[in-house]
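Enquirer: Contents of structure_1.cif (mmCIF, C-alpha atoms):
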```cif
data_my_file
#
loop_
_atom_site.label_atom_id
_atom_site.label_comp_id
_atom_site.auth_asym_id
_atom_site.auth_seq_id
_atom_site.Cartn_x
_atom_site.Cartn_y
_atom_site.Cartn_z
CA MET A 150 21.94 6.69 17.82
CA TYR A 151 18.42 5.93 19.12
CA TYR A 152 15.34 6.58 16.94
CA PRO A 153 12.13 6.73 19.03
CA LEU A 154 8.90 7.07 17.05
CA LEU A 155 6.66 9.84 18.43
CA LYS A 156 3.36 11.46 17.60
CA ASN A 157 3.36 15.22 17.12
CA SER A 158 1.14 15.59 20.20
CA ASN A 159 1.48 17.66 23.34
CA ASN A 160 2.56 14.98 25.80
CA GLU A 161 4.89 12.98 23.56
CA MET A 162 6.58 16.23 22.60
CA LYS A 163 6.68 17.20 26.28
CA ALA A 164 8.58 13.97 26.95
CA LEU A 165 11.08 15.04 24.29
CA ARG A 166 11.33 18.58 25.59
CA TYR A 167 12.39 17.43 29.05
CA LEU A 168 15.12 15.01 28.06
CA LYS A 169 18.40 15.51 29.88
CA ASP A 170 20.96 17.62 28.04
CA ASP A 171 23.39 14.67 27.89
CA SER A 172 20.77 12.46 26.26
CA ARG A 173 19.58 14.80 23.53
CA PRO A 174 22.58 14.36 21.16
CA GLN A 175 22.06 10.60 21.25
CA VAL A 176 18.44 10.72 20.11
CA THR A 177 17.03 11.31 16.62
CA PRO A 178 13.26 11.20 17.08
CA ILE A 179 10.99 10.14 14.23
CA ILE A 180 8.03 12.51 14.51
CA GLU A 181 4.78 11.61 12.82
CA SER A 182 2.88 14.49 11.24
CA LYS A 183 -0.47 15.51 12.62
CA ARG A 184 -3.30 13.74 10.79
CA VAL A 185 -5.61 15.79 8.58
CA LYS A 186 -9.19 14.87 9.43
CA LYS A 187 -11.62 14.13 6.60
CA ASN A 188 -14.04 16.69 7.98
CA ASN A 189 -11.31 19.34 8.00
CA VAL A 190 -9.70 18.88 4.59
CA VAL A 191 -10.84 22.33 3.42
CA ASN A 192 -9.15 23.99 6.41
CA TRP A 193 -6.16 21.63 6.71
CA GLU A 194 -3.67 24.49 6.47
CA SER A 195 -4.77 25.86 9.86
CA SER A 196 -3.67 22.62 11.57
CA PHE A 197 -0.05 23.44 10.70
CA LYS A 198 -0.13 27.16 11.42
CA THR A 199 2.21 26.95 14.44
CA LEU A 200 4.14 23.84 13.39
CA GLY A 201 7.55 25.52 13.34
CA THR A 202 7.32 27.31 16.69
CA PHE A 203 5.68 24.31 18.38
CA LEU A 204 8.52 21.99 17.37
CA LYS A 205 11.22 24.57 18.10
CA GLU A 206 10.15 24.83 21.74
CA ARG A 207 10.27 21.06 22.17
CA VAL A 208 12.84 19.64 19.79
CA LYS A 209 15.14 22.66 20.12
CA ASP A 210 18.42 21.94 18.28
CA MET A 211 17.98 18.17 17.98
CA LYS A 212 18.13 16.53 14.58
CA PHE A 213 14.81 14.80 13.88
CA ILE A 214 12.97 12.92 11.15
CA TYR A 215 9.53 14.20 10.11
CA ASP A 216 7.17 11.68 8.50
CA PHE A 217 4.84 13.64 6.20
CA ASN A 218 2.85 10.62 5.06
CA CYS A 219 1.07 10.35 8.44
CA ALA A 220 -0.86 13.53 7.61
CA LEU A 221 -2.74 11.56 4.94
CA GLU A 222 -3.62 8.40 6.88
CA GLU A 223 -7.29 9.25 7.37
CA LEU A 224 -7.88 10.66 3.89
CA GLY A 225 -7.85 7.55 1.72
CA GLU A 226 -7.54 8.51 -1.95
CA GLU A 227 -7.60 12.25 -1.28
CA ASN A 228 -5.59 14.33 -3.76
CA GLN A 229 -2.54 16.21 -2.60
CA LEU A 230 -3.12 18.95 -0.06
CA VAL A 231 -2.39 22.44 -1.40
CA THR A 232 -2.43 25.77 0.42
CA THR A 233 -4.30 28.83 -0.82
CA SER A 234 -0.98 30.10 -2.21
CA GLY A 235 -0.36 26.89 -4.16
CA GLU A 236 2.16 25.07 -1.92
CA ASN A 237 1.65 21.40 -1.18
CA LEU A 238 1.78 20.05 2.37
CA VAL A 239 5.46 19.05 2.26
CA LYS A 240 6.73 22.40 1.01
CA HIS A 241 4.42 24.31 3.34
CA CYS A 242 5.58 22.41 6.43
CA LEU A 243 9.25 22.52 5.48
CA GLU A 244 9.05 26.30 5.16
CA LYS A 245 7.53 26.47 8.64
CA MET A 246 10.40 24.41 10.02
CA GLU A 247 13.09 26.22 8.04
CA SER A 248 11.85 29.56 9.38
CA GLN A 249 12.73 28.27 12.87
CA GLU A 250 16.06 26.81 11.69
CA LEU A 251 15.04 23.32 12.72
CA ASN A 252 17.37 20.41 11.98
CA VAL A 253 14.84 18.31 10.09
CA ILE A 254 15.24 15.23 7.90
CA PRO A 255 12.16 14.94 5.61
CA CYS A 256 10.62 11.47 5.38
CA PHE A 257 8.26 9.63 3.05
CA GLN A 258 6.93 6.06 3.26
CA HIS A 259 7.51 3.24 0.82
CA ASP A 260 4.02 3.66 -0.69
CA SER A 261 3.60 7.42 -0.33
CA PRO A 262 1.88 9.18 -3.25
CA SER A 263 4.27 10.30 -5.97
CA TRP A 264 3.73 14.02 -5.30
CA LEU A 265 4.84 13.57 -1.69
CA VAL A 266 7.90 11.50 -2.65
CA ASP A 267 8.89 14.04 -5.32
CA SER A 268 8.44 16.94 -2.89
CA VAL A 269 10.69 15.35 -0.28
CA ILE A 270 13.39 14.45 -2.79
CA ASN A 271 13.23 17.79 -4.63
CA SER A 272 13.65 19.66 -1.35
CA ASN A 273 17.38 18.92 -1.83
CA TYR A 274 18.10 18.12 1.81
CA LYS A 275 21.43 16.41 2.49
CA GLU A 276 19.56 13.65 4.32
CA VAL A 277 16.18 12.06 3.61
CA ALA A 278 14.40 9.20 5.35
CA ILE A 279 12.19 6.39 4.08
CA ARG A 280 9.84 4.52 6.40
CA ILE A 281 9.14 1.02 5.14
CA ARG A 282 6.15 -0.54 6.89
CA CYS A 283 7.47 -4.10 6.73
CA HIS A 284 4.57 -5.31 8.88
CA ASP A 285 2.14 -4.51 6.06
CA PHE A 286 3.54 -6.93 3.46
CA GLN A 287 5.13 -10.35 3.19
CA GLU A 288 8.88 -10.80 2.96
CA SER A 289 8.55 -11.90 -0.66
CA PHE A 290 7.63 -8.30 -1.57
CA ASN A 291 10.98 -6.93 -0.32
CA PRO A 292 12.67 -6.97 -3.77
CA PHE A 293 9.77 -5.10 -5.38
CA VAL A 294 9.78 -2.43 -2.66
CA LEU A 295 13.55 -2.10 -3.05
CA GLN A 296 13.22 -1.66 -6.81
CA LYS A 297 10.57 1.03 -6.37
CA LEU A 298 12.63 2.94 -3.79
CA LYS A 299 15.77 2.81 -5.92
CA ALA A 300 13.78 4.39 -8.74
CA ASP A 301 12.51 7.10 -6.37
CA LEU A 302 16.04 7.86 -5.19
CA GLU A 303 17.44 8.25 -8.71
CA GLN A 304 16.39 11.91 -8.45
CA THR A 305 18.57 12.59 -5.40
CA LYS A 306 22.09 14.00 -5.46
CA PRO A 307 24.81 11.31 -5.30
CA ASP A 308 25.95 12.33 -1.80
CA THR A 309 22.45 12.31 -0.26
CA LYS A 310 22.34 10.20 2.90
CA VAL A 311 19.29 7.93 3.18
CA ILE A 312 17.96 6.73 6.54
CA VAL A 313 15.94 3.57 5.90
CA ILE A 314 13.46 2.85 8.70
CA LEU A 315 12.41 -0.81 8.78
CA ASP A 316 9.15 -0.66 10.73
CA PHE A 317 7.78 -3.97 12.07
CA PHE A 318 5.29 -2.35 14.49
CA ASN A 319 4.00 -4.97 16.96
CA GLN A 320 4.04 -7.98 14.64
CA PRO A 321 5.96 -11.06 15.85
CA THR A 322 8.94 -11.36 13.54
CA SER A 323 11.62 -14.01 13.25
CA ILE A 324 15.28 -13.08 13.41
CA GLN A 325 15.67 -14.68 9.99
CA ARG A 326 13.14 -12.30 8.45
CA LEU A 327 14.86 -9.35 10.11
CA GLN A 328 18.21 -10.46 8.73
CA ASN A 329 16.80 -11.00 5.24
CA THR A 330 15.13 -7.59 5.29
CA ILE A 331 18.30 -5.86 6.41
CA ASP A 332 20.28 -7.68 3.72
CA THR A 333 17.81 -6.52 1.06
CA PHE A 334 17.52 -2.85 1.96
CA SER A 335 21.20 -2.40 2.76
CA LYS A 336 21.55 -2.34 -1.05
CA ILE A 337 20.31 1.25 -1.03
CA ASN A 338 23.37 3.42 -1.56
CA ASN A 339 24.69 5.66 1.22
CA SER A 340 22.10 4.37 3.66
CA GLU A 341 21.76 3.85 7.40
CA LEU A 342 19.26 1.19 8.44
CA VAL A 343 17.05 1.55 11.50
CA TYR A 344 15.03 -1.34 12.94
CA ILE A 345 11.92 -0.22 14.85
CA ALA A 346 9.20 -2.30 16.49
CA THR A 347 7.29 -2.59 19.75
CA SER A 348 5.94 -5.18 22.16
CA CYS A 349 4.40 -2.60 24.47
CA PRO A 350 0.63 -3.23 24.77
CA ASP A 351 -1.78 -0.71 23.27
CA ASN A 352 -3.99 -0.73 26.35
CA ALA A 353 -3.82 -1.54 30.06
CA SER A 354 -6.49 -4.26 30.14
CA ASP A 355 -4.00 -6.93 31.29
CA ALA A 356 -2.84 -4.88 34.29
CA ASN A 357 -4.38 -5.25 37.74
CA PRO A 358 -6.14 -2.19 39.21
CA HIS A 359 -4.43 -0.34 42.05
CA SER A 360 -1.13 -2.11 41.50
CA VAL A 361 2.06 -2.37 39.45
CA THR A 362 1.90 -5.28 36.98
CA LEU A 363 4.57 -6.96 34.89
CA ILE A 364 3.19 -7.11 31.33
CA GLY A 365 5.95 -8.74 29.34
CA PRO A 366 9.46 -8.52 27.87
CA ARG A 367 10.78 -5.88 25.51
CA ARG A 368 11.02 -8.34 22.63
CA GLU A 369 12.02 -5.69 20.10
CA PHE A 370 15.10 -4.79 22.14
CA ASN A 371 16.01 -8.46 22.51
CA ASN A 372 15.79 -8.79 18.72
CA PHE A 373 18.09 -5.83 18.34
CA LEU A 374 20.63 -7.38 20.71
CA GLU A 375 20.56 -10.60 18.74
CA LEU A 376 21.12 -8.69 15.50
CA ARG A 377 24.10 -6.97 17.09
CA SER A 378 25.52 -10.27 18.27
CA LYS A 379 25.34 -11.43 14.64
CA LYS A 380 27.28 -8.30 13.59
CA TYR A 381 24.37 -6.65 11.75
CA ASN A 382 24.98 -2.94 11.26
CA VAL A 383 21.58 -1.55 12.18
CA SER A 384 20.40 1.20 14.54
CA PHE A 385 17.55 0.81 17.01
CA GLY A 386 14.21 2.54 17.35
CA ASP A 387 10.83 1.77 18.90
CA TYR A 388 7.36 3.15 19.62
CA THR A 389 8.36 3.99 23.24
CA THR A 390 5.39 3.33 25.58
CA ARG A 391 2.77 5.37 23.83
CA LEU A 392 -0.81 4.24 23.51
CA LYS A 393 -1.61 3.52 19.87
CA GLY A 394 -5.35 2.96 20.17
CA GLU A 395 -7.99 5.63 19.59
CA VAL A 396 -10.42 6.84 22.23
CA LEU A 397 -13.77 5.20 21.56
CA ASN A 398 -17.01 7.11 21.07
CA GLY A 399 -18.97 7.33 24.30
CA PHE A 400 -15.81 7.13 26.42
CA ASN A 401 -16.75 7.32 30.11
CA PHE A 402 -14.01 8.96 32.17
CA ASN A 403 -15.40 7.59 35.45
CA ASN A 404 -15.11 4.02 34.19
CA SER A 405 -11.45 4.42 33.22
CA TYR A 406 -8.13 4.24 35.02
CA LEU A 407 -5.03 6.36 35.41
CA LYS A 408 -1.96 4.42 34.31
CA VAL A 409 1.73 4.78 33.57
CA PHE A 410 3.38 2.42 31.08
CA TYR A 411 6.80 1.92 32.61
CA SER A 412 9.87 0.36 30.99
CA THR A 413 12.78 -1.40 32.61
CA GLU A 414 15.86 -2.53 30.70
CA THR A 415 14.16 -5.86 29.99
CA ASP A 416 10.39 -5.54 30.50
CA TYR A 417 7.21 -3.45 30.31
CA TRP A 418 5.22 -2.77 33.48
CA ILE A 419 1.97 -0.86 34.05
CA ALA A 420 1.17 1.15 37.18
CA LYS A 421 -2.63 1.35 37.23
CA SER A 422 -5.08 3.10 39.54
CA LYS A 423 -8.48 2.06 40.79
CA LEU A 424 -11.42 3.09 38.63
CA ILE A 425 -11.77 6.87 38.60
CA LYS A 426 -15.25 6.53 40.11
CA ASP A 427 -13.75 4.45 42.95
CA ASP A 428 -11.41 7.21 44.08
CA GLY A 429 -8.74 6.31 41.53
CA GLU A 430 -7.65 9.90 40.99
CA SER A 431 -7.03 10.74 44.64
CA THR A 432 -5.30 7.42 45.40
CA PHE A 433 -3.04 7.19 42.34
CA HIS A 434 -0.19 8.35 44.57
CA GLU A 435 -0.39 4.95 46.28
CA VAL A 436 0.39 3.20 42.99
CA CYS A 437 3.33 5.56 42.48
CA GLN A 438 4.53 4.71 45.99
CA GLN A 439 4.48 1.04 45.01
CA LEU A 440 6.55 1.80 41.93
CA LEU A 441 9.19 3.57 44.02
CA GLU A 442 9.67 0.40 46.08
CA TYR A 443 10.76 -1.74 43.12
CA ASP A 444 14.49 -2.31 42.63
CA PHE A 445 14.28 -1.17 39.01
CA TYR A 446 13.04 2.32 39.92
CA PRO A 447 16.21 4.40 39.26
CA GLY A 448 15.43 7.42 41.44
CA ALA A 449 13.83 10.81 40.88
CA GLU A 450 17.00 12.24 39.34
CA PHE A 451 17.07 9.71 36.49
CA SER A 452 14.51 11.46 34.29
CA PHE A 453 11.72 14.01 34.20
CA GLY A 454 9.26 11.10 34.21
CA ASP A 455 10.75 9.55 37.32
CA ALA A 456 10.76 12.90 39.09
CA GLU A 457 7.03 13.25 38.36
CA ILE A 458 6.35 9.75 39.73
CA TYR A 459 8.30 10.63 42.89
CA LYS A 460 6.34 13.86 43.33
CA CYS A 461 3.02 12.07 42.88
CA ALA A 462 4.03 9.37 45.37
CA ASN A 463 4.80 12.06 47.93
CA LYS A 464 1.63 14.04 47.15
CA GLU A 465 3.60 17.01 45.81
CA ILE A 466 1.55 16.86 42.62
CA VAL A 467 -1.77 15.31 41.62
CA ILE A 468 -2.09 13.31 38.40
CA SER A 469 -5.71 13.64 37.42
CA ASP A 470 -5.98 13.03 33.68
CA HIS A 471 -4.94 10.48 31.07
CA GLN A 472 -2.46 12.73 29.27
CA ALA A 473 0.17 13.53 31.91
CA PRO A 474 1.16 9.84 32.37
CA ILE A 475 1.97 9.63 28.65
CA ALA A 476 4.74 12.22 29.00
CA ILE A 477 5.98 10.44 32.14
CA GLY A 478 6.19 7.00 30.56
CA VAL A 479 7.62 8.13 27.22
CA ASN A 480 10.28 10.34 28.83
CA HIS A 481 11.41 7.58 31.19
CA HIS A 482 11.49 5.07 28.33
CA ILE A 483 13.67 7.26 26.13
CA GLU A 484 16.14 7.95 28.97
CA THR A 485 16.25 4.23 29.82
CA THR A 486 16.96 3.24 26.22
CA VAL A 487 19.60 5.94 25.78
CA ALA A 488 21.39 4.63 28.88
CA GLN A 489 21.25 1.08 27.55
CA LEU A 490 22.55 1.97 24.11
CA THR A 491 25.30 4.15 25.58
CA GLY A 492 26.50 1.17 27.60
CA PHE A 493 26.33 -1.21 24.64
CA ASN A 494 28.27 1.17 22.42
CA SER A 495 31.08 1.48 24.94
CA PRO A 496 34.31 -0.20 23.77
CA SER A 497 34.31 -2.18 27.02
CA SER A 498 30.90 -3.71 26.28
CA SER A 499 30.79 -7.37 25.34
CA LEU A 500 28.20 -6.45 22.72
CA TYR A 501 30.41 -3.85 21.05
CA VAL A 502 30.41 -4.27 17.28
#
```
Show how you would write the structure in this file as structure tokens.
Expert:
Amino acid sequence: MYYPLLKNSNNEMKALRYLKDDSRPQVTPIIESKRVKKNNVVNWESSFKTLGTFLKERVKDMKFIYDFNCALEELGEENQLVTTSGENLVKHCLEKMESQELNVIPCFQHDSPSWLVDSVINSNYKEVAIRIRCHDFQESFNPFVLQKLKADLEQTKPDTKVIVILDFFNQPTSIQRLQNTIDTFSKINNSELVYIATSCPDNASDANPHSVTLIGPRREFNNFLELRSKKYNVSFGDYTTRLKGEVLNGFNFNNSYLKVFYSTETDYWIAKSKLIKDDGESTFHEVCQQLLEYDFYPGAEFSFGDAEIYKCANKEIVISDHQAPIAIGVNHHIETTVAQLTGFNSPSSSLYV
């Protein structure tokens, strides 16, 4: 099973919506909740008004993990969020998803506030997930985090499955630390461990304009392969190719570029236009034409993302904003990773565990 980490945003969810039917059963996305803005705390409930129907149209019948803690990331020490009818954020959102019969696994983080942890556990789901942000603390803290999580899980039913997400984000991490972390958190009963990380850049500054540029290797996937070769029983996840930076104040569209972050089985590439003010929008099809000429381009039929690149290259569509390429790159990345993992899990694979 592959666990891509996605924002609950239009284009990352579009990438999920247009996965091939054969790929969908092999993917369990980890979806981060929308953030509640500090200036909108009073009206936070309105941000989740259409949560159930929005996800239903995109996730459909897929099983997915929903990380509630992300809703609080911009609020600091804000107290728990409660609706006008007295429901906290977790219960409110779960009811929205249950009304659409969504196959959700509720998730909290290792340092989530106690009310959020209690709400997830007391929801009595057969599966819960815990996201441990390993990149935020030193390895020596592993035993203390384990002790805390074991105490949290004492409230669950004995047969509750626990998906433990070991999140290393984009921090360089030794194989030894990965092994030690897996050894520690595998002590959680009835658990499945998921290693997630990324080496995809958070901006396109290292890519050449009006060209396709090799950026670097997919180090997180190489780490996963090494763990497999050492017989570690861990699943794989990553941040796909999404941009993780925030748009700066005073952003000038004309001084920006159109770009697609594009994965191969081994590397990250960026297809980048000229500056928008230098005719970047109308000539982006030339960059897509370049991409089609590379041996690693799998053809328009491989994914929704690759079909969009093909159409742009042939001037069947025009890509004119920064959002559409996100869906293209994320969709292609998920399909690429599913194909890789399917091959590695085949009994004929030399990496079969």
Enquirer: Of the candidates A:Arg391, A:Lys212, A:Arg377, A:Gly225, which one gets nearest to A:Lys187 if we count only C-alpha atoms?
Expert: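 Looking at the shortest contact to A:Lys187, the residue is A:Gly225.
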Enquirer: Could you expand the PyMOL selection byres ((chain A and resi 229) around 9) into the explicit residues it covers here, written as a VMD selection string?
Expert: chain A and resid 221 227 to 228 230 to 231 237 to 238 262 264 to 265
Enquirer: Would you list the contacts of A:Leu407 as a count of residues only, taking every protein, DNA or RNA residue within 7 Å and counting only C-alpha atoms, but skipping same-chain residues closer than 2 positions in sequence?
Expert: 4
Enquirer: Can you check which parts of stretch 330-442 of chain A lie within 9 Å of stretch 278-291 of chain A? Per residue, the shortest pair of atoms and distance in Å to one decimal, counting only C-alpha atoms, sorted by chain and number, as JSON lines.
Expert:
```
{"residue": "A:Thr330", "atom": "CA", "partner": "A:Asn291", "partner_atom": "CA", "distance": 7.0}
{"residue": "A:Thr333", "atom": "CA", "partner": "A:Asn291", "partner_atom": "CA", "distance": 7.0}
{"residue": "A:Phe334", "atom": "CA", "partner": "A:Asn291", "partner_atom": "CA", "distance": 8.0}
```
Enquirer: Under the rule that only C-alpha atoms are counted, which of A:Lys156, A:His241, A:Arg207, A:Arg368 is the nearest residue to A:Ser272?
Expert: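 The shortest atom-to-atom distance to A:Ser272 comes from A:His241.
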Enquirer: Starting from the displayed file, determine the output of the PyMOL selection byres ((chain A and resi 328) around 12) and express the residue list as a list in words.
Expert: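 After applying the PyMOL selection byres ((chain A and resi 328) around 12), what remains is Glu288, Leu315, Thr322, Ser323, Ile324, Gln325, Arg326, Leu327, Asn329, Thr330, Ile331, Asp332, Thr333, Phe334, Ser335, Leu342, Tyr344, Asn372, Phe373, Glu375, Leu376, Arg377, Lys379, Lys380, Tyr381, Asn382 and Val383 of chain A.
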Enquirer: Name the residues, using the chain letters and numbers of the file, that sit within 12 Å of (0.9, 4.8, 44.4) when counting all atoms listed in the file, and give them as an MDAnalysis selection string.
Expert: chainID A and resid 358:361 407:409 419:423 429:443 458:464 467:468
Enquirer: What is the distance between atom CA of A:Ala356 and atom CA of A:Phe410, in Å to one decimal?
Expert: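 For atom CA of A:Ala356 relative to atom CA of A:Phe410, the distance reads 10.1 Å.
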Enquirer: Enter the distance from atom CA of A:Ile180 to atom CA of A:Leu302, in Å, rounded to one decimal.
Expert: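 Those two atoms sit 21.8 Å apart.
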Enquirer: Name all residues at most 12 Å from A:Leu243 (count only C-alpha atoms; drop same-chain ones fewer than 5 positions away) and give them as a list of chain:residue names.
Expert: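 Counting only the stated atoms, we get A:Ser182, A:Phe197, A:Leu200, A:Gly201, A:Leu204, A:Ile214, A:Tyr215, A:Asp216, A:Phe217, A:Glu236, A:Asn237, A:Leu238, A:Ser248, A:Gln249, A:Glu250, A:Leu251, A:Asn252, A:Val253, A:Ile254, A:Pro255, A:Cys256, A:Ser268, A:Val269, A:Asn271, A:Ser272, A:Asn273, A:Tyr274.
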Enquirer: What does the distance from atom CA of A:Asn338 to atom CA of A:Leu298 come to in Å, to one decimal?
Expert: 11.0 Å
Enquirer: Expand the PyMOL selection byres ((chain A and resi 346) around 9) into the individual residues it matches in the shown file, reporting them as a ChimeraX atom specification.
Expert: /A:315-320,344-345,347-348,368-370,385-388
Enquirer: When you count all atoms listed in the file, which of these residues is closest to A:Leu374: A:Asn480, A:Thr415, A:Asn218, A:Thr309?
Expert: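 Smallest separation from A:Leu374 among the options: A:Thr415.
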Enquirer: Find, counting all atoms listed in the file, the residue in A:Tyr152, A:Asn192, A:Gln258, A:Thr202 that gets nearest to A:Thr233.
Expert: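 Looking at the shortest contact to A:Thr233, the residue is A:Asn192.
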Enquirer: Pick from A:Lys306, A:Lys209, A:Ile466, A:Asn371: nearest to A:Gln489, with all atoms listed in the file counted?
Expert: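 Counting all atoms listed in the file, the residue closest to A:Gln489 is A:Asn371.
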Enquirer: Between A:Thr177, A:Gln304, A:Asn352, A:Ser384, which one has atoms that come closest to A:Ser340, using only C-alpha atoms?
Expert: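 Closest residue, counting only C-alpha atoms: A:Ser384.
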Enquirer: With the input short on atoms, add all heavy atoms back to stretch 366-374 of chain A and write it as a PDB file, keeping the file's coordinate frame.
Expert:
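Once everything was written out, this is selection_16.pdb:
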```
ATOM      1  N   PRO A 366       8.106  -8.940  28.233  1.00  0.00           N
ATOM      2  CA  PRO A 366       9.460  -8.520  27.870  1.00  0.00           C
ATOM      3  C   PRO A 366       9.475  -7.527  26.715  1.00  0.00           C
ATOM      4  O   PRO A 366       8.535  -7.459  25.918  1.00  0.00           O
ATOM      5  CB  PRO A 366      10.120  -9.829  27.450  1.00  0.00           C
ATOM      6  CG  PRO A 366       8.993 -10.667  26.924  1.00  0.00           C
ATOM      7  CD  PRO A 366       7.809 -10.322  27.787  1.00  0.00           C
ATOM      8  N   ARG A 367      10.549  -6.781  26.641  1.00  0.00           N
ATOM      9  CA  ARG A 367      10.780  -5.880  25.510  1.00  0.00           C
ATOM     10  C   ARG A 367      11.389  -6.712  24.374  1.00  0.00           C
ATOM     11  O   ARG A 367      12.585  -6.696  24.125  1.00  0.00           O
ATOM     12  CB  ARG A 367      11.700  -4.733  25.917  1.00  0.00           C
ATOM     13  CG  ARG A 367      11.080  -3.769  26.916  1.00  0.00           C
ATOM     14  CD  ARG A 367      12.082  -2.737  27.403  1.00  0.00           C
ATOM     15  NE  ARG A 367      12.582  -1.900  26.314  1.00  0.00           N
ATOM     16  CZ  ARG A 367      13.583  -1.029  26.443  1.00  0.00           C
ATOM     17  NH1 ARG A 367      14.204  -0.896  27.604  1.00  0.00           N
ATOM     18  NH2 ARG A 367      13.974  -0.311  25.413  1.00  0.00           N
ATOM     19  N   ARG A 368      10.538  -7.405  23.653  1.00  0.00           N
ATOM     20  CA  ARG A 368      11.020  -8.340  22.630  1.00  0.00           C
ATOM     21  C   ARG A 368      11.779  -7.629  21.519  1.00  0.00           C
ATOM     22  O   ARG A 368      12.731  -8.178  20.954  1.00  0.00           O
ATOM     23  CB  ARG A 368       9.843  -9.122  22.038  1.00  0.00           C
ATOM     24  CG  ARG A 368       9.217 -10.124  23.008  1.00  0.00           C
ATOM     25  CD  ARG A 368       8.215 -11.022  22.312  1.00  0.00           C
ATOM     26  NE  ARG A 368       7.086 -10.269  21.790  1.00  0.00           N
ATOM     27  CZ  ARG A 368       5.978 -10.015  22.470  1.00  0.00           C
ATOM     28  NH1 ARG A 368       5.857 -10.432  23.718  1.00  0.00           N
ATOM     29  NH2 ARG A 368       4.977  -9.337  21.926  1.00  0.00           N
ATOM     30  N   GLU A 369      11.343  -6.410  21.177  1.00  0.00           N
ATOM     31  CA  GLU A 369      12.020  -5.690  20.100  1.00  0.00           C
ATOM     32  C   GLU A 369      13.473  -5.381  20.464  1.00  0.00           C
ATOM     33  O   GLU A 369      14.366  -5.428  19.607  1.00  0.00           O
ATOM     34  CB  GLU A 369      11.262  -4.403  19.736  1.00  0.00           C
ATOM     35  CG  GLU A 369      11.272  -3.310  20.795  1.00  0.00           C
ATOM     36  CD  GLU A 369      10.312  -3.551  21.940  1.00  0.00           C
ATOM     37  OE1 GLU A 369       9.551  -4.537  21.909  1.00  0.00           O
ATOM     38  OE2 GLU A 369      10.322  -2.738  22.884  1.00  0.00           O
ATOM     39  N   PHE A 370      13.727  -5.075  21.745  1.00  0.00           N
ATOM     40  CA  PHE A 370      15.100  -4.790  22.140  1.00  0.00           C
ATOM     41  C   PHE A 370      15.930  -6.072  22.164  1.00  0.00           C
ATOM     42  O   PHE A 370      17.110  -6.065  21.787  1.00  0.00           O
ATOM     43  CB  PHE A 370      15.137  -4.108  23.514  1.00  0.00           C
ATOM     44  CG  PHE A 370      16.427  -3.395  23.782  1.00  0.00           C
ATOM     45  CD1 PHE A 370      16.659  -2.141  23.237  1.00  0.00           C
ATOM     46  CD2 PHE A 370      17.422  -3.974  24.550  1.00  0.00           C
ATOM     47  CE1 PHE A 370      17.860  -1.481  23.457  1.00  0.00           C
ATOM     48  CE2 PHE A 370      18.629  -3.320  24.780  1.00  0.00           C
ATOM     49  CZ  PHE A 370      18.839  -2.074  24.230  1.00  0.00           C
ATOM     50  N   ASN A 371      15.304  -7.180  22.559  1.00  0.00           N
ATOM     51  CA  ASN A 371      16.010  -8.460  22.510  1.00  0.00           C
ATOM     52  C   ASN A 371      16.380  -8.829  21.077  1.00  0.00           C
ATOM     53  O   ASN A 371      17.463  -9.364  20.821  1.00  0.00           O
ATOM     54  CB  ASN A 371      15.139  -9.559  23.127  1.00  0.00           C
ATOM     55  CG  ASN A 371      14.947  -9.380  24.625  1.00  0.00           C
ATOM     56  OD1 ASN A 371      15.749  -8.739  25.284  1.00  0.00           O
ATOM     57  ND2 ASN A 371      13.864  -9.940  25.146  1.00  0.00           N
ATOM     58  N   ASN A 372      15.475  -8.546  20.139  1.00  0.00           N
ATOM     59  CA  ASN A 372      15.790  -8.790  18.720  1.00  0.00           C
ATOM     60  C   ASN A 372      16.976  -7.960  18.276  1.00  0.00           C
ATOM     61  O   ASN A 372      17.854  -8.431  17.542  1.00  0.00           O
ATOM     62  CB  ASN A 372      14.581  -8.466  17.848  1.00  0.00           C
ATOM     63  CG  ASN A 372      13.486  -9.508  17.936  1.00  0.00           C
ATOM     64  OD1 ASN A 372      13.721 -10.639  18.361  1.00  0.00           O
ATOM     65  ND2 ASN A 372      12.276  -9.135  17.536  1.00  0.00           N
ATOM     66  N   PHE A 373      16.985  -6.704  18.704  1.00  0.00           N
ATOM     67  CA  PHE A 373      18.090  -5.830  18.340  1.00  0.00           C
ATOM     68  C   PHE A 373      19.420  -6.370  18.881  1.00  0.00           C
ATOM     69  O   PHE A 373      20.438  -6.368  18.172  1.00  0.00           O
ATOM     70  CB  PHE A 373      17.833  -4.421  18.879  1.00  0.00           C
ATOM     71  CG  PHE A 373      18.990  -3.480  18.763  1.00  0.00           C
ATOM     72  CD1 PHE A 373      19.420  -3.044  17.525  1.00  0.00           C
ATOM     73  CD2 PHE A 373      19.664  -3.033  19.900  1.00  0.00           C
ATOM     74  CE1 PHE A 373      20.500  -2.171  17.410  1.00  0.00           C
ATOM     75  CE2 PHE A 373      20.742  -2.171  19.792  1.00  0.00           C
ATOM     76  CZ  PHE A 373      21.164  -1.743  18.540  1.00  0.00           C
ATOM     77  N   LEU A 374      19.410  -6.831  20.127  1.00  0.00           N
ATOM     78  CA  LEU A 374      20.630  -7.380  20.710  1.00  0.00           C
ATOM     79  C   LEU A 374      21.110  -8.605  19.947  1.00  0.00           C
ATOM     80  O   LEU A 374      22.316  -8.792  19.740  1.00  0.00           O
ATOM     81  CB  LEU A 374      20.403  -7.734  22.183  1.00  0.00           C
ATOM     82  CG  LEU A 374      20.095  -6.575  23.130  1.00  0.00           C
ATOM     83  CD1 LEU A 374      19.941  -7.083  24.556  1.00  0.00           C
ATOM     84  CD2 LEU A 374      21.172  -5.508  23.067  1.00  0.00           C
TER      85      LEU A 374
END
```
